[in-house]
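A.B. asks: To start, I am sharing the structure in question, which I have written as structure tokens.
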Amino acid sequence: MGMTTWAEISDINNTRSDCHAWGASPNIELYRIVLGIDSDAPGFKKIKIIPHLGTLVHVSGTIPHPNGNISVSFEKTNDNWKVSVTLPPNTPGYLLWKEKRYELKAGESALTIKNNYE
């Protein structure tokens, strides 16, 4: 339709393309729901990562944080899930994977999780 941002309303015949903050919400929901990146304390001082990958076998993403970037990557191999999480300085967090909690420190964490724990 030639729009450069999210549509203002869902009525295709009468819509226009405006740039409102709420219009970008589908983007943040990908990071929060699928990748599982969310705040675990006021001011985003702690981070929780609770992914909902469904049938995805490889997905990754990076979002901004007041202290730097948060990056996650999930890749399923034959026998394992390779999980990489990078948290900003002075920002701890945890990964909750199928009810098992993995503590994360600032910086990069690399985990290998057995497929039998799905």
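Following the order of the structure tokens, chains are lettered A, B, ..., residues in each are numbered from 1, and ligands are numbered from 1.
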Extract, using only C-alpha atoms, all DNA, RNA and protein residues at most 12 Å from Ala41 (chain A), discarding same-chain residues fewer than 5 positions from it, and format them as JSON, numbers by chain.
C.D. replies: {"A": [46, 47, 48, 91, 92, 93, 94]}
A.B. asks: Tell me which protein, DNA and RNA residues are within 7 Å of Pro51 (chain A), counting only C-alpha atoms, leaving out same-chain ones fewer than 5 positions away, and put them as a compact mmCIF listing (two decimals) with N, CA and C atoms, in the first residue's frame.
C.D. replies:
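So result.txt came out as:
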```txt
# COMPACT_ATOMS: atom_id res chain seq x y z
N ILE A 33 7.63 -12.06 23.90
CA ILE A 33 6.93 -13.34 23.96
C ILE A 33 7.77 -14.47 23.35
N VAL A 34 8.19 -14.34 22.11
CA VAL A 34 8.92 -15.43 21.45
C VAL A 34 10.31 -15.59 22.06
N LEU A 35 11.11 -14.54 22.06
CA LEU A 35 12.45 -14.63 22.62
C LEU A 35 12.44 -14.63 24.15
N GLY A 36 11.38 -14.11 24.75
CA GLY A 36 11.21 -14.18 26.19
C GLY A 36 11.90 -13.10 27.00
```
A.B. asks: Would you pick out the contacts of Thr55 (chain A) at 12 Å or less, using only C-alpha atoms, so that residues sharing its chain but fewer than 2 positions from it are not included, and give the list as a list in words?
C.D. replies: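 Near neighbours after the sequence-gap exclusion: Val34, Pro51, His52, Leu53, Val57, His58, Val59, Phe74, Glu75, Lys76 and Glu118 of chain A.
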A.B. asks: Take the residues that were just selected and, keeping all heavy atoms, output them as a tab-separated table (two decimals), in the first residue's frame.
C.D. replies:
```
chain	number	residue	atom	x	y	z
A	34	VAL	N	8.19	-14.34	22.11
A	34	VAL	CA	8.92	-15.43	21.45
A	34	VAL	C	10.31	-15.59	22.06
A	34	VAL	O	10.67	-16.66	22.54
A	34	VAL	CB	9.00	-15.21	19.94
A	34	VAL	CG1	9.83	-16.31	19.28
A	34	VAL	CG2	7.60	-15.18	19.34
A	51	PRO	N	11.56	-17.95	27.05
A	51	PRO	CA	11.18	-18.06	25.64
A	51	PRO	C	9.98	-18.97	25.41
A	51	PRO	O	9.71	-19.88	26.19
A	51	PRO	CB	12.43	-18.65	24.99
A	51	PRO	CG	13.10	-19.41	26.08
A	51	PRO	CD	12.80	-18.66	27.35
A	52	HIS	N	9.27	-18.68	24.33
A	52	HIS	CA	8.17	-19.50	23.83
A	52	HIS	C	8.44	-19.73	22.35
A	52	HIS	O	7.95	-18.99	21.50
A	52	HIS	CB	6.83	-18.79	24.05
A	52	HIS	CG	6.55	-18.53	25.48
A	52	HIS	ND1	6.94	-17.37	26.13
A	52	HIS	CD2	5.93	-19.29	26.41
A	52	HIS	CE1	6.56	-17.44	27.38
A	52	HIS	NE2	5.94	-18.58	27.59
A	53	LEU	N	9.24	-20.74	22.06
A	53	LEU	CA	9.77	-20.93	20.72
A	53	LEU	C	8.85	-21.72	19.79
A	53	LEU	O	9.04	-21.68	18.58
A	53	LEU	CB	11.13	-21.61	20.80
A	53	LEU	CG	12.18	-20.87	21.63
A	53	LEU	CD1	13.48	-21.65	21.66
A	53	LEU	CD2	12.39	-19.45	21.14
A	57	VAL	N	13.43	-23.56	15.37
A	57	VAL	CA	14.66	-24.27	15.70
A	57	VAL	C	15.88	-23.35	15.71
A	57	VAL	O	16.95	-23.75	16.14
A	57	VAL	CB	14.91	-25.47	14.75
A	57	VAL	CG1	13.83	-26.52	14.92
A	57	VAL	CG2	15.01	-25.01	13.31
A	58	HIS	N	15.71	-22.13	15.25
A	58	HIS	CA	16.78	-21.14	15.32
A	58	HIS	C	16.17	-19.75	15.29
A	58	HIS	O	15.45	-19.40	14.36
A	58	HIS	CB	17.75	-21.29	14.14
A	58	HIS	CG	18.93	-20.37	14.25
A	58	HIS	ND1	19.53	-19.83	13.15
A	58	HIS	CD2	19.60	-19.90	15.31
A	58	HIS	CE1	20.54	-19.05	13.54
A	58	HIS	NE2	20.59	-19.09	14.85
A	59	VAL	N	16.43	-18.99	16.33
A	59	VAL	CA	15.92	-17.63	16.41
A	59	VAL	C	16.85	-16.81	17.29
A	59	VAL	O	17.46	-17.34	18.23
A	59	VAL	CB	14.45	-17.61	16.94
A	59	VAL	CG1	14.38	-18.14	18.36
A	59	VAL	CG2	13.83	-16.24	16.83
A	74	PHE	N	18.85	-18.81	20.20
A	74	PHE	CA	18.45	-20.19	20.49
A	74	PHE	C	18.62	-20.99	19.21
A	74	PHE	O	18.10	-20.60	18.17
A	74	PHE	CB	16.98	-20.26	20.94
A	74	PHE	CG	16.67	-19.41	22.13
A	74	PHE	CD1	16.16	-18.14	21.98
A	74	PHE	CD2	16.89	-19.89	23.41
A	74	PHE	CE1	15.86	-17.35	23.08
A	74	PHE	CE2	16.59	-19.11	24.52
A	74	PHE	CZ	16.08	-17.84	24.36
A	75	GLU	N	19.33	-22.11	19.29
A	75	GLU	CA	19.51	-22.96	18.12
A	75	GLU	C	19.41	-24.42	18.53
A	75	GLU	O	20.15	-24.88	19.40
A	75	GLU	CB	20.86	-22.70	17.46
A	75	GLU	CG	21.05	-23.51	16.21
A	75	GLU	CD	22.33	-23.17	15.46
A	75	GLU	OE1	23.11	-22.34	15.93
A	75	GLU	OE2	22.53	-23.76	14.38
A	76	LYS	N	18.50	-25.13	17.91
A	76	LYS	CA	18.31	-26.54	18.19
A	76	LYS	C	19.16	-27.37	17.25
A	76	LYS	O	19.14	-27.18	16.04
A	76	LYS	CB	16.84	-26.91	18.04
A	76	LYS	CG	16.51	-28.32	18.47
A	76	LYS	CD	15.01	-28.56	18.38
A	76	LYS	CE	14.65	-29.93	18.89
A	76	LYS	NZ	13.20	-30.19	18.81
A	118	GLU	N	12.81	-31.20	27.24
A	118	GLU	CA	11.93	-30.33	26.47
A	118	GLU	C	10.64	-30.28	27.18
A	118	GLU	O	9.63	-30.14	27.08
A	118	GLU	CB	11.79	-30.81	25.05
A	118	GLU	CG	13.11	-30.73	24.32
A	118	GLU	CD	12.96	-31.08	22.86
A	118	GLU	OE1	12.62	-32.22	22.54
A	118	GLU	OE2	13.20	-30.19	22.04
```
A.B. asks: Would you give me, as a PyMOL selection string, the residues in region 19-108 of chain A that DSSP reads as strand (DSSP E or B)?
C.D. replies: chain A and resi 37-39+47-49+58-65+68-76+80-87+93-97+100-104+107-108
A.B. asks: Would you please work out which residue, of A:Pro88, A:Asn115, A:Ile63, A:Ile49, is nearest to Glu103 (chain A) when using only C-alpha atoms?
C.D. replies: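 Of A:Pro88, A:Asn115, A:Ile63, A:Ile49, the one nearest Glu103 (chain A) is A:Ile49, counting only C-alpha atoms.
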A.B. asks: Please, which residues of region 5-104 of chain A, numbered as in this document, come out alpha helix (DSSP H) from DSSP, as a list in words?
C.D. replies: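 Written out, the alpha helix (DSSP H) residues of region 5-104 of chain A are Ser25, Pro26, Asn27, Ile28 and Glu29 of chain A.
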A.B. asks: Looking at only C-alpha atoms, which of A:Lys114, A:Lys105, A:Lys45, A:Arg32 is the one that sits closest to Thr86 (chain A)?
C.D. replies: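 For Thr86 (chain A), the nearest of the candidates is A:Lys105.
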A.B. asks: Grab the CA of Gly61 (chain A) to CA of Pro42 (chain A) distance for me, in Å with one decimal place.
C.D. replies: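 CA of Pro42 (chain A) lies 22.7 Å from CA of Gly61 (chain A).
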A.B. asks: For Asn67 (chain A), which residue out of A:Leu95, A:Val85, A:Asn80, A:Asn90 is the nearest one, using only C-alpha atoms?
C.D. replies: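 Among the listed residues, A:Asn90 lies closest to Asn67 (chain A).
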